[in-house]
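Visitor: Shown below is the structure under consideration.
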Amino acid sequence: MEATIRTENLSRMYVTRDKARRRIVALNQVNLEVHPGELFGVLGPNGAGKTTLIKILTTLLTPSSGRAWVLGYDVERQYRRIRPFINMVSGGETSGYGLLTVYENLWMFAQFYGLPTDVARRRIHALAEQVGLVDRLNTKVSELSTGLRQKVNVVRGFLTDPLVLFLDEPTLGLDVQAARDVRAFVKEWMAEHPNRTLVLTTHYMLEAEELCDRIAIIHRGRIVACDTPAALKQRLPQQASFRIEIAFQGEFSPAYLGNLPGVRRVWMRKTPRGAHLDVYLEADEVLVRVLEALLQHQARVLSLEKRTPTLEDVFLHLVGETWDPDDQEQAA
Ligand SMILES: Nc1ncnc2c1ncn2[C@@H]1O[C@H](COP(=O)(O)OP(=O)(O)OP(=O)(O)O)[C@@H](O)[C@H]1O
Ligand SMILES: [Mg+2]
């Protein structure tokens, strides 16, 4: 089967505008294939290159080197062929005309795309119903909260029934409930339209895990792994991991635990009461040693939890660092 999206050594450089004129490699030799019907995730921290990739695939930006094809068409040379079949939604964008109502905005957009009147009307109502916007159709966009505005953006993306849809951080800045609504909608739409292809970028690991059939993990412009969430987690070495919340007086260093036999890695994050420790052990039994060491260093255990592997662990394993986990709550 022909891939819906394919990239070959796709790279993109930027040169900063300041005096230094630094060269930034935003995408570095990216090779990807996305298949028809897939909900494909691109997961990575801030600055990893997600938006750059989406902009190239949506023909808004040209590659510096390498090539990419969408629906078999070259993004550089045949961009006109691609555009009618795709659509894109970016999180955090403030699009639309504030003075017009939600319905008028969506209607106008449908007109740009040449949707027949009755189709446009039907789709606007159906999509608004699905994302929980139906009672806001007559509200001016300027009077909507950020979350509701983002839902309008999402509806706009799906309105044209694109063959390939790109969602760049679709839940960015949404509250937990609105983010859930959007994710539920994306899932439902893909289930109802099995021959459509969707590429979603996110820096929320749980979001990627919940939604995506396959995930490309991107870090500093490179794809460091690409597989199903389950297969990505299977790459982790067999280990036991625990999250321990501790309270302590004075100082506590993760090195107190890191050097114990059987301890693979310790991550510490300070909290108002003390710290969260994520400890990765060769086996469950090593935990006894860890608890002893905590006692020795006058750290009190407030809570202890055995963790199943997450994509966070995969990222940590592949890249050797993690990104701000406090930022991840919205995707819960
Ligand atoms: N127009 C530009 N000029 C210079 N550098 C840029 C430009 N756009 C992006 N970059 C740089 O390229 C790299 C990749 O940026 P990109 O926006 O693709 O990342 P991202 O994964 O979408 O990040 P975020 O999660 O913050 O949206 C970053 O280092 C960024 O600073
Ligand atoms: Mg981005």
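Within each chain, counting starts at residue 1; across the structure tokens, chains are named A, B, ... in the order shown, with ligands numbered 1 upward in that order.
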Could you pull the residues within 12 Å of A:Val119, counting only C-alpha atoms, minus those fewer than 4 positions along the same chain, as an mmCIF file with all heavy atoms, in the first residue's frame?
Guide:
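Wrote it out as part-v4.cif, contents follow:
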```
data_model
loop_
_atom_site.group_PDB
_atom_site.id
_atom_site.type_symbol
_atom_site.label_atom_id
_atom_site.label_comp_id
_atom_site.auth_asym_id
_atom_site.auth_seq_id
_atom_site.Cartn_x
_atom_site.Cartn_y
_atom_site.Cartn_z
ATOM 1 N N TRP A 107 -18.959 29.090 8.361
ATOM 2 C CA TRP A 107 -19.631 29.182 7.066
ATOM 3 C C TRP A 107 -18.702 29.803 6.022
ATOM 4 O O TRP A 107 -18.550 29.306 4.915
ATOM 5 C CB TRP A 107 -20.915 30.012 7.231
ATOM 6 C CG TRP A 107 -21.558 30.313 5.931
ATOM 7 C CD1 TRP A 107 -21.521 31.483 5.235
ATOM 8 C CD2 TRP A 107 -22.308 29.405 5.126
ATOM 9 N NE1 TRP A 107 -22.190 31.374 4.065
ATOM 10 C CE2 TRP A 107 -22.688 30.105 3.964
ATOM 11 C CE3 TRP A 107 -22.688 28.070 5.282
ATOM 12 C CZ2 TRP A 107 -23.436 29.517 2.958
ATOM 13 C CZ3 TRP A 107 -23.442 27.489 4.272
ATOM 14 C CH2 TRP A 107 -23.797 28.203 3.135
ATOM 15 N N ALA A 110 -16.061 27.467 5.002
ATOM 16 C CA ALA A 110 -16.599 26.444 4.096
ATOM 17 C C ALA A 110 -16.723 27.003 2.684
ATOM 18 O O ALA A 110 -16.476 26.304 1.695
ATOM 19 C CB ALA A 110 -17.957 25.969 4.610
ATOM 20 N N GLN A 111 -17.070 28.273 2.576
ATOM 21 C CA GLN A 111 -17.182 28.917 1.265
ATOM 22 C C GLN A 111 -15.818 28.992 0.568
ATOM 23 O O GLN A 111 -15.710 28.725 -0.617
ATOM 24 C CB GLN A 111 -17.753 30.337 1.413
ATOM 25 C CG GLN A 111 -19.170 30.377 1.933
ATOM 26 C CD GLN A 111 -20.150 29.702 0.984
ATOM 27 O OE1 GLN A 111 -20.282 30.103 -0.156
ATOM 28 N NE2 GLN A 111 -20.783 28.641 1.450
ATOM 29 N N TYR A 113 -13.512 26.996 0.775
ATOM 30 C CA TYR A 113 -13.179 25.662 0.287
ATOM 31 C C TYR A 113 -14.160 25.183 -0.782
ATOM 32 O O TYR A 113 -14.052 24.083 -1.288
ATOM 33 C CB TYR A 113 -13.156 24.663 1.445
ATOM 34 C CG TYR A 113 -11.756 24.321 1.908
ATOM 35 C CD1 TYR A 113 -11.084 25.158 2.793
ATOM 36 C CD2 TYR A 113 -11.108 23.184 1.440
ATOM 37 C CE1 TYR A 113 -9.808 24.861 3.209
ATOM 38 C CE2 TYR A 113 -9.827 22.875 1.849
ATOM 39 C CZ TYR A 113 -9.178 23.718 2.732
ATOM 40 O OH TYR A 113 -7.905 23.424 3.143
ATOM 41 N N GLY A 114 -15.177 25.986 -1.044
ATOM 42 C CA GLY A 114 -16.137 25.617 -2.074
ATOM 43 C C GLY A 114 -17.086 24.495 -1.690
ATOM 44 O O GLY A 114 -17.548 23.740 -2.537
ATOM 45 N N LEU A 115 -17.371 24.380 -0.394
ATOM 46 C CA LEU A 115 -18.329 23.342 0.017
ATOM 47 C C LEU A 115 -19.741 23.752 -0.398
ATOM 48 O O LEU A 115 -20.126 24.903 -0.219
ATOM 49 C CB LEU A 115 -18.324 23.183 1.541
ATOM 50 C CG LEU A 115 -17.180 22.453 2.221
ATOM 51 C CD1 LEU A 115 -17.526 22.243 3.692
ATOM 52 C CD2 LEU A 115 -16.932 21.115 1.559
ATOM 53 N N ARG A 123 -22.643 19.859 8.053
ATOM 54 C CA ARG A 123 -21.380 19.532 8.747
ATOM 55 C C ARG A 123 -21.123 20.466 9.927
ATOM 56 O O ARG A 123 -20.675 20.030 10.980
ATOM 57 C CB ARG A 123 -20.210 19.602 7.778
ATOM 58 C CG ARG A 123 -20.059 18.322 7.008
ATOM 59 C CD ARG A 123 -18.671 18.193 6.435
ATOM 60 N NE ARG A 123 -18.725 17.329 5.269
ATOM 61 C CZ ARG A 123 -18.005 17.481 4.182
ATOM 62 N NH1 ARG A 123 -17.143 18.489 4.099
ATOM 63 N NH2 ARG A 123 -18.116 16.660 3.177
ATOM 64 N N ILE A 124 -21.397 21.737 9.739
ATOM 65 C CA ILE A 124 -21.160 22.680 10.846
ATOM 66 C C ILE A 124 -21.986 22.251 12.062
ATOM 67 O O ILE A 124 -21.483 22.171 13.175
ATOM 68 C CB ILE A 124 -21.497 24.136 10.440
ATOM 69 C CG1 ILE A 124 -20.503 24.633 9.395
ATOM 70 C CG2 ILE A 124 -21.489 25.052 11.667
ATOM 71 C CD1 ILE A 124 -20.847 25.983 8.780
ATOM 72 N N HIS A 125 -23.241 21.943 11.829
ATOM 73 C CA HIS A 125 -24.088 21.553 12.954
ATOM 74 C C HIS A 125 -23.631 20.240 13.589
ATOM 75 O O HIS A 125 -23.554 20.123 14.804
ATOM 76 C CB HIS A 125 -25.552 21.478 12.531
ATOM 77 C CG HIS A 125 -26.207 22.826 12.574
ATOM 78 N ND1 HIS A 125 -26.406 23.591 11.451
ATOM 79 C CD2 HIS A 125 -26.650 23.564 13.617
ATOM 80 C CE1 HIS A 125 -26.956 24.743 11.793
ATOM 81 N NE2 HIS A 125 -27.117 24.752 13.112
ATOM 82 N N ALA A 126 -23.319 19.282 12.739
ATOM 83 C CA ALA A 126 -22.916 17.973 13.269
ATOM 84 C C ALA A 126 -21.624 18.088 14.075
ATOM 85 O O ALA A 126 -21.517 17.555 15.186
ATOM 86 C CB ALA A 126 -22.747 16.976 12.126
ATOM 87 N N LEU A 127 -20.639 18.816 13.528
ATOM 88 C CA LEU A 127 -19.350 18.930 14.219
ATOM 89 C C LEU A 127 -19.495 19.748 15.509
ATOM 90 O O LEU A 127 -18.924 19.390 16.540
ATOM 91 C CB LEU A 127 -18.309 19.573 13.296
ATOM 92 C CG LEU A 127 -17.856 18.717 12.116
ATOM 93 C CD1 LEU A 127 -17.055 19.546 11.118
ATOM 94 C CD2 LEU A 127 -17.020 17.535 12.598
ATOM 95 N N LEU A 159 -14.026 20.342 9.020
ATOM 96 C CA LEU A 159 -15.167 20.775 8.204
ATOM 97 C C LEU A 159 -15.044 20.381 6.741
ATOM 98 O O LEU A 159 -16.031 20.056 6.090
ATOM 99 C CB LEU A 159 -15.284 22.302 8.351
ATOM 100 C CG LEU A 159 -16.491 23.001 7.765
ATOM 101 C CD1 LEU A 159 -17.781 22.403 8.301
ATOM 102 C CD2 LEU A 159 -16.429 24.496 8.128
ATOM 103 N N THR A 160 -13.816 20.396 6.231
ATOM 104 C CA THR A 160 -13.633 20.108 4.808
ATOM 105 C C THR A 160 -13.498 18.614 4.542
ATOM 106 O O THR A 160 -13.244 18.222 3.407
ATOM 107 C CB THR A 160 -12.367 20.815 4.284
ATOM 108 O OG1 THR A 160 -11.248 20.337 5.053
ATOM 109 C CG2 THR A 160 -12.483 22.320 4.454
ATOM 110 N N ASP A 161 -13.644 17.813 5.594
ATOM 111 C CA ASP A 161 -13.515 16.369 5.456
ATOM 112 C C ASP A 161 -12.226 15.997 4.720
ATOM 113 O O ASP A 161 -12.254 15.311 3.699
ATOM 114 C CB ASP A 161 -14.742 15.812 4.716
ATOM 115 C CG ASP A 161 -14.843 14.312 4.871
ATOM 116 O OD1 ASP A 161 -14.147 13.744 5.743
ATOM 117 O OD2 ASP A 161 -15.608 13.690 4.109
#
```
Visitor: Apply DSSP to the backbone of this structure and, from stretch 42-178 of chain A, keep only the residues in strand (DSSP E); write these as a list in words.
Guide: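 Secondary structure check on stretch 42-178 of chain A, strand (DSSP E): Val42, Leu43, Ser65, Gly66, Arg67, Ala68, Trp69, Val70, Tyr73, Asp74, Ile86, Asn87, Met88, Val89, Ser90, Val164, Leu165, Phe166, Leu167 and Asp168 of chain A.
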Visitor: Could you write out that same residue set with N, CA and C atoms as a PDB file, in the first residue's frame?
Guide:
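Output (selection18.pdb):
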```
ATOM      1  N   VAL A  42       3.360  12.758  16.530  1.00  0.00           N
ATOM      2  CA  VAL A  42       4.737  13.251  16.586  1.00  0.00           C
ATOM      3  C   VAL A  42       4.900  13.870  17.962  1.00  0.00           C
ATOM      4  N   LEU A  43       5.687  13.203  18.778  1.00  0.00           N
ATOM      5  CA  LEU A  43       5.794  13.584  20.186  1.00  0.00           C
ATOM      6  C   LEU A  43       7.188  14.119  20.470  1.00  0.00           C
ATOM      7  N   SER A  65      16.740  20.477   2.680  1.00  0.00           N
ATOM      8  CA  SER A  65      17.187  19.360   1.849  1.00  0.00           C
ATOM      9  C   SER A  65      16.318  18.153   2.147  1.00  0.00           C
ATOM     10  N   GLY A  66      16.448  17.140   1.320  1.00  0.00           N
ATOM     11  CA  GLY A  66      15.582  15.977   1.456  1.00  0.00           C
ATOM     12  C   GLY A  66      14.243  16.253   0.794  1.00  0.00           C
ATOM     13  N   ARG A  67      13.367  15.239   0.811  1.00  0.00           N
ATOM     14  CA  ARG A  67      12.071  15.402   0.143  1.00  0.00           C
ATOM     15  C   ARG A  67      10.944  14.851   0.989  1.00  0.00           C
ATOM     16  N   ALA A  68       9.742  15.260   0.619  1.00  0.00           N
ATOM     17  CA  ALA A  68       8.553  14.738   1.301  1.00  0.00           C
ATOM     18  C   ALA A  68       7.411  14.659   0.300  1.00  0.00           C
ATOM     19  N   TRP A  69       6.582  13.635   0.474  1.00  0.00           N
ATOM     20  CA  TRP A  69       5.417  13.446  -0.387  1.00  0.00           C
ATOM     21  C   TRP A  69       4.171  13.293   0.481  1.00  0.00           C
ATOM     22  N   VAL A  70       3.109  13.932   0.054  1.00  0.00           N
ATOM     23  CA  VAL A  70       1.811  13.732   0.698  1.00  0.00           C
ATOM     24  C   VAL A  70       0.858  13.258  -0.389  1.00  0.00           C
ATOM     25  N   TYR A  73       2.253  13.182  -3.811  1.00  0.00           N
ATOM     26  CA  TYR A  73       2.709  14.426  -4.452  1.00  0.00           C
ATOM     27  C   TYR A  73       3.867  15.045  -3.670  1.00  0.00           C
ATOM     28  N   ASP A  74       4.804  15.566  -4.406  1.00  0.00           N
ATOM     29  CA  ASP A  74       5.974  16.197  -3.806  1.00  0.00           C
ATOM     30  C   ASP A  74       5.563  17.543  -3.183  1.00  0.00           C
ATOM     31  N   ILE A  86      -5.960  18.453   2.064  1.00  0.00           N
ATOM     32  CA  ILE A  86      -5.473  18.478   3.441  1.00  0.00           C
ATOM     33  C   ILE A  86      -6.085  19.642   4.214  1.00  0.00           C
ATOM     34  N   ASN A  87      -5.929  19.582   5.513  1.00  0.00           N
ATOM     35  CA  ASN A  87      -6.302  20.719   6.350  1.00  0.00           C
ATOM     36  C   ASN A  87      -5.430  20.666   7.591  1.00  0.00           C
ATOM     37  N   MET A  88      -5.398  21.771   8.301  1.00  0.00           N
ATOM     38  CA  MET A  88      -4.506  21.838   9.453  1.00  0.00           C
ATOM     39  C   MET A  88      -5.123  22.685  10.551  1.00  0.00           C
ATOM     40  N   VAL A  89      -4.897  22.266  11.781  1.00  0.00           N
ATOM     41  CA  VAL A  89      -5.316  23.052  12.944  1.00  0.00           C
ATOM     42  C   VAL A  89      -4.102  23.217  13.850  1.00  0.00           C
ATOM     43  N   SER A  90      -3.845  24.446  14.274  1.00  0.00           N
ATOM     44  CA  SER A  90      -2.748  24.669  15.220  1.00  0.00           C
ATOM     45  C   SER A  90      -3.307  25.091  16.564  1.00  0.00           C
ATOM     46  N   VAL A 164      -6.227  14.093   4.529  1.00  0.00           N
ATOM     47  CA  VAL A 164      -5.148  14.101   5.509  1.00  0.00           C
ATOM     48  C   VAL A 164      -5.288  15.354   6.363  1.00  0.00           C
ATOM     49  N   LEU A 165      -5.341  15.141   7.658  1.00  0.00           N
ATOM     50  CA  LEU A 165      -5.520  16.274   8.564  1.00  0.00           C
ATOM     51  C   LEU A 165      -4.318  16.365   9.493  1.00  0.00           C
ATOM     52  N   PHE A 166      -3.829  17.578   9.661  1.00  0.00           N
ATOM     53  CA  PHE A 166      -2.687  17.817  10.534  1.00  0.00           C
ATOM     54  C   PHE A 166      -3.151  18.622  11.739  1.00  0.00           C
ATOM     55  N   LEU A 167      -2.924  18.100  12.905  1.00  0.00           N
ATOM     56  CA  LEU A 167      -3.277  18.822  14.129  1.00  0.00           C
ATOM     57  C   LEU A 167      -1.985  19.108  14.887  1.00  0.00           C
ATOM     58  N   ASP A 168      -1.625  20.380  14.947  1.00  0.00           N
ATOM     59  CA  ASP A 168      -0.384  20.753  15.636  1.00  0.00           C
ATOM     60  C   ASP A 168      -0.733  21.201  17.052  1.00  0.00           C
TER      61      ASP A 168
END
```
Visitor: So which residues of stretch 75-271 of chain A fall under alpha helix (DSSP H) by DSSP, listed as an NGL selection string?
Guide: :A and (79-82 or 102-112 or 117-131 or 146-159 or 176-192 or 205-211 or 229-234 or 255-258)
Visitor: Export, as a short mmCIF file (atom, residue, chain, number, x, y, z; two decimals), in the first residue's frame, the selected residues with C-alpha atoms.
Guide:
```
data_model
loop_
_atom_site.label_atom_id
_atom_site.label_comp_id
_atom_site.auth_asym_id
_atom_site.auth_seq_id
_atom_site.Cartn_x
_atom_site.Cartn_y
_atom_site.Cartn_z
CA TYR A 79 1.98 21.64 -3.57
CA ARG A 80 -1.07 22.77 -5.54
CA ARG A 81 -2.15 19.14 -5.92
CA ILE A 82 -1.88 18.53 -2.20
CA VAL A 102 -19.02 30.98 15.32
CA TYR A 103 -21.45 29.87 12.64
CA GLU A 104 -20.54 32.75 10.32
CA ASN A 105 -16.83 32.04 10.70
CA LEU A 106 -17.27 28.38 9.89
CA TRP A 107 -19.63 29.18 7.07
CA MET A 108 -17.17 31.60 5.52
CA PHE A 109 -14.40 29.06 5.76
CA ALA A 110 -16.60 26.44 4.10
CA GLN A 111 -17.18 28.92 1.27
CA PHE A 112 -13.43 29.39 0.78
CA THR A 117 -24.35 25.08 0.97
CA ASP A 118 -26.34 22.18 2.35
CA VAL A 119 -23.21 20.12 3.02
CA ALA A 120 -21.62 23.04 4.87
CA ARG A 121 -24.70 23.64 7.00
CA ARG A 122 -25.05 19.99 7.89
CA ARG A 123 -21.38 19.53 8.75
CA ILE A 124 -21.16 22.68 10.85
CA HIS A 125 -24.09 21.55 12.95
CA ALA A 126 -22.92 17.97 13.27
CA LEU A 127 -19.35 18.93 14.22
CA ALA A 128 -20.48 21.66 16.63
CA GLU A 129 -22.73 19.11 18.29
CA GLN A 130 -19.87 16.64 18.64
CA VAL A 131 -17.42 19.05 20.26
CA THR A 146 -9.66 30.35 24.65
CA GLY A 147 -10.86 26.77 24.97
CA LEU A 148 -14.03 27.36 22.99
CA ARG A 149 -12.09 29.22 20.34
CA GLN A 150 -9.81 26.26 20.00
CA LYS A 151 -12.86 24.06 19.54
CA VAL A 152 -13.92 26.33 16.68
CA ASN A 153 -10.46 25.83 15.16
CA VAL A 154 -10.83 22.10 15.52
CA VAL A 155 -14.22 22.14 13.82
CA ARG A 156 -12.71 24.23 11.02
CA GLY A 157 -10.08 21.54 10.47
CA PHE A 158 -12.59 18.75 10.11
CA LEU A 159 -15.17 20.78 8.20
CA VAL A 176 -8.51 19.33 31.31
CA GLN A 177 -12.15 18.95 30.28
CA ALA A 178 -11.84 20.80 26.99
CA ALA A 179 -8.73 18.80 26.14
CA ARG A 180 -10.63 15.60 26.86
CA ASP A 181 -13.49 16.72 24.63
CA VAL A 182 -11.12 17.41 21.78
CA ARG A 183 -9.33 14.07 22.18
CA ALA A 184 -12.61 12.18 22.36
CA PHE A 185 -13.76 13.94 19.23
CA VAL A 186 -10.56 13.16 17.32
CA LYS A 187 -10.87 9.49 18.23
CA GLU A 188 -14.52 9.34 17.26
CA TRP A 189 -13.91 11.04 13.94
CA MET A 190 -11.13 8.65 13.03
CA ALA A 191 -13.33 5.70 13.94
CA GLU A 192 -16.09 7.06 11.72
CA MET A 205 2.92 12.03 26.41
CA LEU A 206 -0.38 10.71 27.70
CA GLU A 207 -2.20 12.36 24.83
CA ALA A 208 0.07 10.67 22.31
CA GLU A 209 -0.34 7.37 24.06
CA GLU A 210 -4.10 7.60 24.32
CA LEU A 211 -4.74 8.63 20.73
CA PRO A 229 3.02 2.94 21.99
CA ALA A 230 3.13 -0.66 23.21
CA ALA A 231 6.18 -1.53 21.12
CA LEU A 232 7.96 1.62 22.26
CA LYS A 233 7.47 0.58 25.85
CA GLN A 234 8.66 -2.92 25.13
CA ALA A 255 23.16 10.41 44.60
CA TYR A 256 22.45 8.81 48.00
CA LEU A 257 20.37 6.26 46.12
CA GLY A 258 21.95 6.28 42.67
#
```
Visitor: Please tabulate, as JSON lines, the residues of chain A that come within 12 Å of ligand 2, each with its closest pair of atoms and the distance in Å to one decimal, counting only C-alpha atoms and all ligand atoms and ordering rows by chain, then residue number upward.
Guide:
```
{"residue": "A:Ala26", "atom": "CA", "partner": "ligand 2", "partner_atom_place_in_ligand_line": "1 (Mg)", "distance": 11.0}
{"residue": "A:Val42", "atom": "CA", "partner": "ligand 2", "partner_atom_place_in_ligand_line": "1 (Mg)", "distance": 10.6}
{"residue": "A:Leu43", "atom": "CA", "partner": "ligand 2", "partner_atom_place_in_ligand_line": "1 (Mg)", "distance": 10.5}
{"residue": "A:Gly44", "atom": "CA", "partner": "ligand 2", "partner_atom_place_in_ligand_line": "1 (Mg)", "distance": 9.4}
{"residue": "A:Pro45", "atom": "CA", "partner": "ligand 2", "partner_atom_place_in_ligand_line": "1 (Mg)", "distance": 9.0}
{"residue": "A:Asn46", "atom": "CA", "partner": "ligand 2", "partner_atom_place_in_ligand_line": "1 (Mg)", "distance": 6.8}
{"residue": "A:Gly47", "atom": "CA", "partner": "ligand 2", "partner_atom_place_in_ligand_line": "1 (Mg)", "distance": 6.8}
{"residue": "A:Ala48", "atom": "CA", "partner": "ligand 2", "partner_atom_place_in_ligand_line": "1 (Mg)", "distance": 8.0}
{"residue": "A:Gly49", "atom": "CA", "partner": "ligand 2", "partner_atom_place_in_ligand_line": "1 (Mg)", "distance": 6.9}
{"residue": "A:Lys50", "atom": "CA", "partner": "ligand 2", "partner_atom_place_in_ligand_line": "1 (Mg)", "distance": 5.4}
{"residue": "A:Thr51", "atom": "CA", "partner": "ligand 2", "partner_atom_place_in_ligand_line": "1 (Mg)", "distance": 4.0}
{"residue": "A:Thr52", "atom": "CA", "partner": "ligand 2", "partner_atom_place_in_ligand_line": "1 (Mg)", "distance": 7.2}
{"residue": "A:Leu53", "atom": "CA", "partner": "ligand 2", "partner_atom_place_in_ligand_line": "1 (Mg)", "distance": 9.1}
{"residue": "A:Ile54", "atom": "CA", "partner": "ligand 2", "partner_atom_place_in_ligand_line": "1 (Mg)", "distance": 8.7}
{"residue": "A:Lys55", "atom": "CA", "partner": "ligand 2", "partner_atom_place_in_ligand_line": "1 (Mg)", "distance": 9.7}
{"residue": "A:Val89", "atom": "CA", "partner": "ligand 2", "partner_atom_place_in_ligand_line": "1 (Mg)", "distance": 11.6}
{"residue": "A:Ser90", "atom": "CA", "partner": "ligand 2", "partner_atom_place_in_ligand_line": "1 (Mg)", "distance": 8.5}
{"residue": "A:Gly91", "atom": "CA", "partner": "ligand 2", "partner_atom_place_in_ligand_line": "1 (Mg)", "distance": 8.7}
{"residue": "A:Gly92", "atom": "CA", "partner": "ligand 2", "partner_atom_place_in_ligand_line": "1 (Mg)", "distance": 9.9}
{"residue": "A:Glu93", "atom": "CA", "partner": "ligand 2", "partner_atom_place_in_ligand_line": "1 (Mg)", "distance": 11.0}
{"residue": "A:Leu167", "atom": "CA", "partner": "ligand 2", "partner_atom_place_in_ligand_line": "1 (Mg)", "distance": 10.5}
{"residue": "A:Asp168", "atom": "CA", "partner": "ligand 2", "partner_atom_place_in_ligand_line": "1 (Mg)", "distance": 6.7}
{"residue": "A:Glu169", "atom": "CA", "partner": "ligand 2", "partner_atom_place_in_ligand_line": "1 (Mg)", "distance": 7.1}
{"residue": "A:Pro170", "atom": "CA", "partner": "ligand 2", "partner_atom_place_in_ligand_line": "1 (Mg)", "distance": 10.5}
{"residue": "A:Leu172", "atom": "CA", "partner": "ligand 2", "partner_atom_place_in_ligand_line": "1 (Mg)", "distance": 9.9}
{"residue": "A:Leu200", "atom": "CA", "partner": "ligand 2", "partner_atom_place_in_ligand_line": "1 (Mg)", "distance": 11.0}
{"residue": "A:Thr201", "atom": "CA", "partner": "ligand 2", "partner_atom_place_in_ligand_line": "1 (Mg)", "distance": 7.9}
{"residue": "A:Thr202", "atom": "CA", "partner": "ligand 2", "partner_atom_place_in_ligand_line": "1 (Mg)", "distance": 8.2}
{"residue": "A:His203", "atom": "CA", "partner": "ligand 2", "partner_atom_place_in_ligand_line": "1 (Mg)", "distance": 9.0}
{"residue": "A:Ile218", "atom": "CA", "partner": "ligand 2", "partner_atom_place_in_ligand_line": "1 (Mg)", "distance": 11.8}
{"residue": "A:Gly221", "atom": "CA", "partner": "ligand 2", "partner_atom_place_in_ligand_line": "1 (Mg)", "distance": 11.9}
```
Visitor: Would you mind telling me which residue in A:Asn28, A:Ser303, A:Ser253, A:Thr16 lies nearest to ligand 1 when using only C-alpha atoms and all ligand atoms?
Guide: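 Distance minimum relative to ligand 1 lands on A:Thr16.
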